[in-house]
2 protein chains.
Amino acid sequence: MKVSTRSGLASGAAIALACGFVDGALAQAPLPGPPLPPLPIDLPTVEHPIRVVEIAGGLEHPWSLAFLPDGGLLVTERPGRLRIVRNGVLDPEPVAGVPEVKVTVLGGLLDVLLHPDFERNGLLYLSYSKGRDDGLSTTAVSRARFDGRALVDVEEIFVAENWSVSETNFGGRMAFGRDGHLYIAIGERQEQERAQDGRVHGGKVLRLRADGSVPDDNPLVGREGWLPEIYSYGHRSPQGLAVHPETGALWENEHGPLGGDEINVILPGRNYGWPLATFGTDYDGRPVTERSSHDGFEAPLMYWMPSIAVSGLSFYTGDRFPAWRGNAFVGAMMLGRTSWTGHIQRLTFNEQGHPIQREPILIELRQRIRDVRPGPDGLLYVLTDENPGALLRIEPAD
Amino acid sequence: MKVSTRSGLASGAAIALACGFVDGALAQAPLPGPPLPPLPIDLPTVEHPIRVVEIAGGLEHPWSLAFLPDGGLLVTERPGRLRIVRNGVLDPEPVAGVPEVKVTVLGGLLDVLLHPDFERNGLLYLSYSKGRDDGLSTTAVSRARFDGRALVDVEEIFVAENWSVSETNFGGRMAFGRDGHLYIAIGERQEQERAQDGRVHGGKVLRLRADGSVPDDNPLVGREGWLPEIYSYGHRSPQGLAVHPETGALWENEHGPLGGDEINVILPGRNYGWPLATFGTDYDGRPVTERSSHDGFEAPLMYWMPSIAVSGLSFYTGDRFPAWRGNAFVGAMMLGRTSWTGHIQRLTFNEQGHPIQREPILIELRQRIRDVRPGPDGLLYVLTDENPGALLRIEPAD
């Protein structure tokens, strides 16, 4: 029995590790995964035997997906393409009308999110890295109407005050809250002090009206030296954002440095501590800070040490995997620190909401997982952030 | 492609998870791994492609191993047998003369350790769970001479003051320090307060002379209310103990509860904090303590959140895997919290000794790994704590 090995990887990996250039927290291309094994593949999990099938391959670093009411599925590719899957088949033609994006090591077209009232208004949101003439880049959001074939009435509704030479930590994940507002998580572009600086959007979770304007009741509106879009701060490199299906709370996850990936429950106006408090250590192994907690900082709901390089976050409420109901799923681009490469984790909680179990799933695939979402069909959809990357579906195996 | 699934596991696992009975921290049998895949198997790792071969199968919960100067290899089986592998073949007849052991959920025959001068004096040490008439058990150590076929002159040189009804957390791992003394790590039998109680050996690392007597210069000799064997305290459930090949420092690892597996560098007379300070959370998800660090407690060198259920610990100094030289290896009985089941982790450190990378290896096997040791041949030997369990060898694949 032989498991595939990629020639030439060992030396590249050795260099990457020696230099601490791992997972794009520095401006280096992350280590890719090996080719996918032959699919479908049946895998055991603690609760449900699963089958992993490929819905679409040949994608280039897919980043996010959205389920259309008509059964279609939108997928972003980081180089700037919005793709559509209809009846299980990937349309070879990208959706027209996507705004120009600035492609960097981890930047490009990022999230796609439907308006809560999409079925009526056809509106969707795209987040992406945006460049300007001096070579700096930031994170921006456009709203558009999807007419079934192309994006029309494209309007850039938000450009983050977060320009940087950094090629990573753009954030970009979006979610609609139960209040009807649009939340956007923005990374600190490897400029740590931004996370505590009210004059920039880096290292923050932002709250906008659906048209991009600022809600009057944002928690820091009127505080001198603080941009009014800011909803929470002290974040490092947010990756996932999801509304808890029961509590309605906004959950965010983010990358720590060598350790300290976190899930946070986002509360208005709160400080999540980065870089003043973290469980993480710096890439040279030194602690970033002696403090892992501090009066006045919100502690994470849970964290990982070592990091697993968390990505998309979602909650399972479907009926095809009954034992998974109420669990959270988080993508991971790494297995540990560092191997090829990621997996997803199923997270369980007790009645008080304390985290209990974390089950690694899809470890056999050794792919960087960028997103994991339950579909309206109760199955779980997974994107591999590879080139070629794939849209996979997890089905019951029996 | 199909990966083996064990029928009936899901329900058992669900029950175990629901009750929090995971990894023997409570007195329940841990979840076993699936059957081994066909071996040999070639696997990729970051630095070296490896081949995993089976040296001996059909073992019953093997726990530890020792390399004999004549090329033979001793393996303990937890039910109380000492086995010997000669010329790559497991002798079907156990070594005679092993002391009677008390077999419990995680108790029985534990460690085997050669005297540093074994080649001259033939002495070895066995640690094990020992019962008494009232049904309680503790950890004990016997010394014996191995005549090549049987143990003779068997002498029980130490019985820990640590009697309990608990069926787990015996500790039992032993190592000889550069000072020629015998170090033994003892668990707190799930009675947390023992780790801070000087009148018992539970939750301590002990230091004895090679004949079992107490060295005069032990750090707590003469301190009222403290047993003189105690070298360090505040440990929970030690699993591994090894002397760093360069610094000579004694490294210990131990299980946290739901989180907080640790590696500690053991210093004389120091308090490692359990249960007053831990990164872990209790099995119901509540924090054990708000404090992860405290003045006067030694912080761990590294920790895992969630736990991986660490087991044996060793350092690689061989020449068959050049990129692994100076790395530590730790066994793990879990992949995360919780799946089937374990792996080994390769740990790297920077020049200042700070932990840098943690690479999971052997995840494909999904076995509970109880021990991992480099042999005198520069290959890595691994025990799976299963029934049937196996002695595996990791060789270069190319």
# chains A, B, ... in the order shown; residues from 1 in each chain; ligands from 1
$ select_by_dssp --residues "range 6-168 of chain B" --states "strand (DSSP E or B)" --output "number ranges by chain"
B: 41-43, 50-59, 62-67, 73-77, 81-86, 89-90, 95-96, 109-114, 123-131, 137-146, 150-159, 164
$ residues_around --residues "range 187-202 of chain B" --least-positions-apart "6" --cutoff "7 Å" --atoms "only C-alpha atoms" --output "list in words"
Ala160, Glu161, Asn162, Ser164, Ser166, Thr168, Asn169, Phe170, Gly171, Gly225, Trp226, Leu227, Tyr233, Gly234, His235, Arg236, Ser237, Pro238, Trp274 and Pro275 of chain B
$ write_last_selection --atoms "N, CA and C atoms" --output "short mmCIF file (atom, residue, chain, number, x, y, z; two decimals), in the first residue's frame"
data_model
loop_
_atom_site.label_atom_id
_atom_site.label_comp_id
_atom_site.auth_asym_id
_atom_site.auth_seq_id
_atom_site.Cartn_x
_atom_site.Cartn_y
_atom_site.Cartn_z
N ALA B 160 4.77 3.11 45.55
CA ALA B 160 4.34 4.49 45.74
C ALA B 160 3.27 4.60 46.82
N GLU B 161 3.37 5.63 47.64
CA GLU B 161 2.30 5.96 48.59
C GLU B 161 1.22 6.69 47.79
N ASN B 162 0.39 5.89 47.12
CA ASN B 162 -0.56 6.48 46.16
C ASN B 162 -1.74 5.53 45.92
N SER B 164 -5.31 3.88 45.61
CA SER B 164 -6.56 4.49 45.15
C SER B 164 -7.46 3.44 44.51
N SER B 166 -9.00 4.32 41.86
CA SER B 166 -8.94 4.72 40.45
C SER B 166 -8.25 3.64 39.62
N THR B 168 -6.89 4.36 36.66
CA THR B 168 -6.05 5.05 35.67
C THR B 168 -5.06 5.98 36.36
N ASN B 169 -4.33 6.73 35.53
CA ASN B 169 -3.38 7.75 35.99
C ASN B 169 -2.33 7.19 36.96
N PHE B 170 -1.74 6.03 36.56
CA PHE B 170 -0.69 5.42 37.36
C PHE B 170 0.67 6.07 37.11
N GLY B 171 0.82 6.77 35.98
CA GLY B 171 2.18 7.17 35.61
C GLY B 171 2.98 5.91 35.32
N GLY B 225 6.31 17.21 56.18
CA GLY B 225 5.10 16.90 55.45
C GLY B 225 5.35 16.53 53.99
N TRP B 226 6.60 16.34 53.62
CA TRP B 226 6.91 15.99 52.23
C TRP B 226 7.73 14.72 52.19
N LEU B 227 7.28 13.79 51.37
CA LEU B 227 8.02 12.54 51.19
C LEU B 227 9.34 12.83 50.49
N TYR B 233 6.50 18.43 41.63
CA TYR B 233 5.10 18.11 41.94
C TYR B 233 4.16 18.99 41.14
N GLY B 234 2.87 18.78 41.36
CA GLY B 234 1.88 19.53 40.57
C GLY B 234 1.67 18.94 39.18
N HIS B 235 1.89 17.61 39.05
CA HIS B 235 1.66 16.92 37.77
C HIS B 235 0.31 16.22 37.82
N ARG B 236 -0.29 16.01 36.63
CA ARG B 236 -1.59 15.36 36.60
C ARG B 236 -1.44 13.88 36.27
N SER B 237 -1.18 13.59 35.00
CA SER B 237 -1.09 12.19 34.58
C SER B 237 0.10 12.04 33.65
N PRO B 238 1.31 11.91 34.23
CA PRO B 238 2.52 11.83 33.40
C PRO B 238 2.49 10.59 32.50
N TRP B 274 -0.60 21.73 38.64
CA TRP B 274 -1.87 21.01 38.66
C TRP B 274 -2.33 20.76 40.10
N PRO B 275 -3.60 20.94 40.44
CA PRO B 275 -4.68 21.45 39.59
C PRO B 275 -4.92 22.95 39.76
#
$ residues_around --residues "Gly131 in chain A" --least-positions-apart "3" --cutoff "8 Å" --atoms "only C-alpha atoms" --output "list in words"
Val101, Lys102, Gly135, Leu136, Ser137 and Thr138 of chain A
$ atom_distance --atom1 "CA of Asn350 in chain B" --atom2 "CA of Ala299 in chain B"
18.3 Å
$ select_by_dssp --residues "range 3-183 of chain B" --states "alpha helix (DSSP H)" --output "NGL selection string"
:B and (9-19 or 118-121)
$ closest_residue --among "A:Gln352, A:Gly318, A:Val159, A:Gly342" --to "Glu386 in chain A" --atoms "only C-alpha atoms"
A:Gly342
$ closest_residue --among "A:His354, A:Arg373, A:His181, A:Arg368" --to "chain B" --atoms "only C-alpha atoms"
A:His354
$ residues_around --residues "Asp217 in chain B" --least-positions-apart "4" --cutoff "12 Å" --atoms "only C-alpha atoms" --output "list in words"
Asp179, His181, Arg207, Leu208, Arg209, Ser213, Val221, Gly222, Pro228, Glu229, Ile230, Tyr231, Pro268 and Gly269 of chain B
$ write_last_selection --atoms "N, CA, C and O atoms" --output "PDB file, in the first residue's frame"
ATOM      1  N   ASP B 179      22.726  12.008  36.338  1.00  0.00           N
ATOM      2  CA  ASP B 179      23.283  11.855  37.678  1.00  0.00           C
ATOM      3  C   ASP B 179      23.267  10.403  38.135  1.00  0.00           C
ATOM      4  O   ASP B 179      23.663  10.105  39.264  1.00  0.00           O
ATOM      5  N   HIS B 181      20.726   8.645  38.733  1.00  0.00           N
ATOM      6  CA  HIS B 181      19.552   8.337  39.543  1.00  0.00           C
ATOM      7  C   HIS B 181      18.361   7.971  38.671  1.00  0.00           C
ATOM      8  O   HIS B 181      18.278   8.337  37.492  1.00  0.00           O
ATOM      9  N   ARG B 207      12.653  10.803  42.510  1.00  0.00           N
ATOM     10  CA  ARG B 207      14.082  10.558  42.223  1.00  0.00           C
ATOM     11  C   ARG B 207      14.603   9.582  43.270  1.00  0.00           C
ATOM     12  O   ARG B 207      14.535   9.840  44.469  1.00  0.00           O
ATOM     13  N   LEU B 208      15.089   8.458  42.764  1.00  0.00           N
ATOM     14  CA  LEU B 208      15.604   7.396  43.628  1.00  0.00           C
ATOM     15  C   LEU B 208      17.025   7.044  43.197  1.00  0.00           C
ATOM     16  O   LEU B 208      17.398   7.263  42.042  1.00  0.00           O
ATOM     17  N   ARG B 209      17.771   6.463  44.140  1.00  0.00           N
ATOM     18  CA  ARG B 209      19.012   5.822  43.717  1.00  0.00           C
ATOM     19  C   ARG B 209      18.660   4.559  42.931  1.00  0.00           C
ATOM     20  O   ARG B 209      17.523   4.064  43.001  1.00  0.00           O
ATOM     21  N   SER B 213      16.759   3.409  47.084  1.00  0.00           N
ATOM     22  CA  SER B 213      16.877   4.270  48.266  1.00  0.00           C
ATOM     23  C   SER B 213      16.813   5.738  47.842  1.00  0.00           C
ATOM     24  O   SER B 213      16.861   6.063  46.661  1.00  0.00           O
ATOM     25  N   VAL B 221      14.118  16.782  50.765  1.00  0.00           N
ATOM     26  CA  VAL B 221      14.535  16.003  51.937  1.00  0.00           C
ATOM     27  C   VAL B 221      14.547  16.922  53.159  1.00  0.00           C
ATOM     28  O   VAL B 221      15.114  18.012  53.117  1.00  0.00           O
ATOM     29  N   GLY B 222      13.849  16.494  54.203  1.00  0.00           N
ATOM     30  CA  GLY B 222      13.830  17.277  55.434  1.00  0.00           C
ATOM     31  C   GLY B 222      12.707  18.285  55.506  1.00  0.00           C
ATOM     32  O   GLY B 222      12.493  18.887  56.561  1.00  0.00           O
ATOM     33  N   PRO B 228      10.410  12.191  50.944  1.00  0.00           N
ATOM     34  CA  PRO B 228      11.736  12.581  50.459  1.00  0.00           C
ATOM     35  C   PRO B 228      12.024  12.175  49.018  1.00  0.00           C
ATOM     36  O   PRO B 228      12.950  12.713  48.409  1.00  0.00           O
ATOM     37  N   GLU B 229      11.201  11.258  48.467  1.00  0.00           N
ATOM     38  CA  GLU B 229      11.442  10.842  47.074  1.00  0.00           C
ATOM     39  C   GLU B 229      11.025  11.915  46.070  1.00  0.00           C
ATOM     40  O   GLU B 229      11.386  11.851  44.896  1.00  0.00           O
ATOM     41  N   ILE B 230      10.246  12.898  46.524  1.00  0.00           N
ATOM     42  CA  ILE B 230       9.646  13.847  45.582  1.00  0.00           C
ATOM     43  C   ILE B 230      10.698  14.780  44.979  1.00  0.00           C
ATOM     44  O   ILE B 230      11.475  15.409  45.698  1.00  0.00           O
ATOM     45  N   TYR B 231      10.692  14.853  43.662  1.00  0.00           N
ATOM     46  CA  TYR B 231      11.635  15.716  42.950  1.00  0.00           C
ATOM     47  C   TYR B 231      10.921  16.938  42.380  1.00  0.00           C
ATOM     48  O   TYR B 231      11.439  18.039  42.386  1.00  0.00           O
ATOM     49  N   PRO B 268      14.357  20.607  40.000  1.00  0.00           N
ATOM     50  CA  PRO B 268      14.203  20.071  41.353  1.00  0.00           C
ATOM     51  C   PRO B 268      13.346  20.960  42.248  1.00  0.00           C
ATOM     52  O   PRO B 268      13.547  22.171  42.315  1.00  0.00           O
ATOM     53  N   GLY B 269      12.387  20.331  42.915  1.00  0.00           N
ATOM     54  CA  GLY B 269      11.597  21.032  43.916  1.00  0.00           C
ATOM     55  C   GLY B 269      10.530  21.942  43.368  1.00  0.00           C
ATOM     56  O   GLY B 269       9.832  22.620  44.137  1.00  0.00           O
TER      57      GLY B 269
END
$ atom_distance --atom1 "CA of Phe329 in chain B" --atom2 "CA of Arg178 in chain B"
20.3 Å
$ closest_residue --among "B:Leu276, B:Ala332, B:Leu347, B:Leu392" --to "Pro306 in chain A" --atoms "only C-alpha atoms"
B:Leu347
$ residues_around --residues "Pro92 in chain A" --least-positions-apart "2" --cutoff "12 Å" --atoms "only C-alpha atoms" --output "PyMOL selection string"
chain A and resi 56-59+81-86+89-90+94-95
$ atom_distance --atom1 "CA of Ala328 in chain B" --atom2 "CA of Glu395 in chain B"
16.9 Å
$ residues_around --residues "Tyr303 in chain B" --least-positions-apart "2" --cutoff "6 Å" --atoms "only C-alpha atoms" --output "PyMOL selection string"
chain B and resi 260-262
$ write_last_selection --atoms "C-alpha atoms" --output "short mmCIF file (atom, residue, chain, number, x, y, z; two decimals), in the first residue's frame"
data_model
loop_
_atom_site.label_atom_id
_atom_site.label_comp_id
_atom_site.auth_asym_id
_atom_site.auth_seq_id
_atom_site.Cartn_x
_atom_site.Cartn_y
_atom_site.Cartn_z
CA GLY B 260 -3.80 21.10 28.37
CA ASP B 261 -1.52 18.21 27.53
CA GLU B 262 1.92 19.50 28.42
#
$ decode --residues "range 171-189 of chain A" --atoms "N, CA, C and O atoms" --output "compact mmCIF listing (two decimals), in the first residue's frame"
# COMPACT_ATOMS: atom_id res chain seq x y z
N GLY A 171 -8.75 39.33 5.67
CA GLY A 171 -10.09 39.04 6.17
C GLY A 171 -11.02 38.89 4.99
O GLY A 171 -10.71 38.20 4.03
N GLY A 172 -12.18 39.54 5.03
CA GLY A 172 -13.11 39.51 3.90
C GLY A 172 -14.34 38.66 4.13
O GLY A 172 -15.29 38.73 3.36
N ARG A 173 -14.34 37.85 5.19
CA ARG A 173 -15.53 37.01 5.42
C ARG A 173 -16.69 37.90 5.88
O ARG A 173 -16.50 38.84 6.64
N MET A 174 -17.88 37.60 5.36
CA MET A 174 -19.07 38.41 5.63
C MET A 174 -20.20 37.53 6.14
O MET A 174 -20.27 36.34 5.85
N ALA A 175 -21.09 38.16 6.90
CA ALA A 175 -22.32 37.47 7.34
C ALA A 175 -23.38 38.52 7.61
O ALA A 175 -23.08 39.65 8.04
N PHE A 176 -24.62 38.17 7.36
CA PHE A 176 -25.73 39.03 7.78
C PHE A 176 -26.18 38.62 9.17
O PHE A 176 -26.41 37.45 9.45
N GLY A 177 -26.27 39.62 10.06
CA GLY A 177 -26.78 39.36 11.40
C GLY A 177 -28.29 39.30 11.39
O GLY A 177 -28.95 39.64 10.40
N ARG A 178 -28.85 38.89 12.52
CA ARG A 178 -30.31 38.86 12.63
C ARG A 178 -30.90 40.26 12.64
O ARG A 178 -32.10 40.44 12.45
N ASP A 179 -30.01 41.24 12.86
CA ASP A 179 -30.46 42.63 12.82
C ASP A 179 -30.54 43.15 11.39
O ASP A 179 -30.84 44.33 11.18
N GLY A 180 -30.24 42.29 10.41
CA GLY A 180 -30.30 42.71 9.02
C GLY A 180 -29.08 43.47 8.56
O GLY A 180 -29.02 43.90 7.40
N HIS A 181 -28.09 43.62 9.44
CA HIS A 181 -26.89 44.34 9.06
C HIS A 181 -25.81 43.39 8.55
O HIS A 181 -25.81 42.20 8.86
N LEU A 182 -24.90 43.99 7.78
CA LEU A 182 -23.83 43.23 7.15
C LEU A 182 -22.57 43.35 8.00
O LEU A 182 -22.08 44.45 8.24
N TYR A 183 -22.07 42.21 8.45
CA TYR A 183 -20.83 42.17 9.23
C TYR A 183 -19.69 41.71 8.33
O TYR A 183 -19.86 40.79 7.53
N ILE A 184 -18.56 42.36 8.48
CA ILE A 184 -17.39 42.05 7.66
C ILE A 184 -16.19 41.99 8.59
O ILE A 184 -15.96 42.92 9.38
N ALA A 185 -15.42 40.91 8.49
CA ALA A 185 -14.22 40.77 9.32
C ALA A 185 -13.00 41.15 8.49
O ALA A 185 -12.85 40.71 7.35
N ILE A 186 -12.14 41.99 9.07
CA ILE A 186 -10.98 42.52 8.36
C ILE A 186 -9.70 42.18 9.14
O ILE A 186 -9.65 42.38 10.35
N GLY A 187 -8.68 41.69 8.43
CA GLY A 187 -7.41 41.34 9.07
C GLY A 187 -6.48 42.55 9.22
O GLY A 187 -6.72 43.61 8.63
N GLU A 188 -5.43 42.35 10.01
CA GLU A 188 -4.56 43.48 10.34
C GLU A 188 -3.35 43.59 9.42
O GLU A 188 -2.44 44.37 9.71
N ARG A 189 -3.32 42.81 8.34
CA ARG A 189 -2.29 42.92 7.31
C ARG A 189 -0.89 42.77 7.90
O ARG A 189 0.06 43.40 7.43
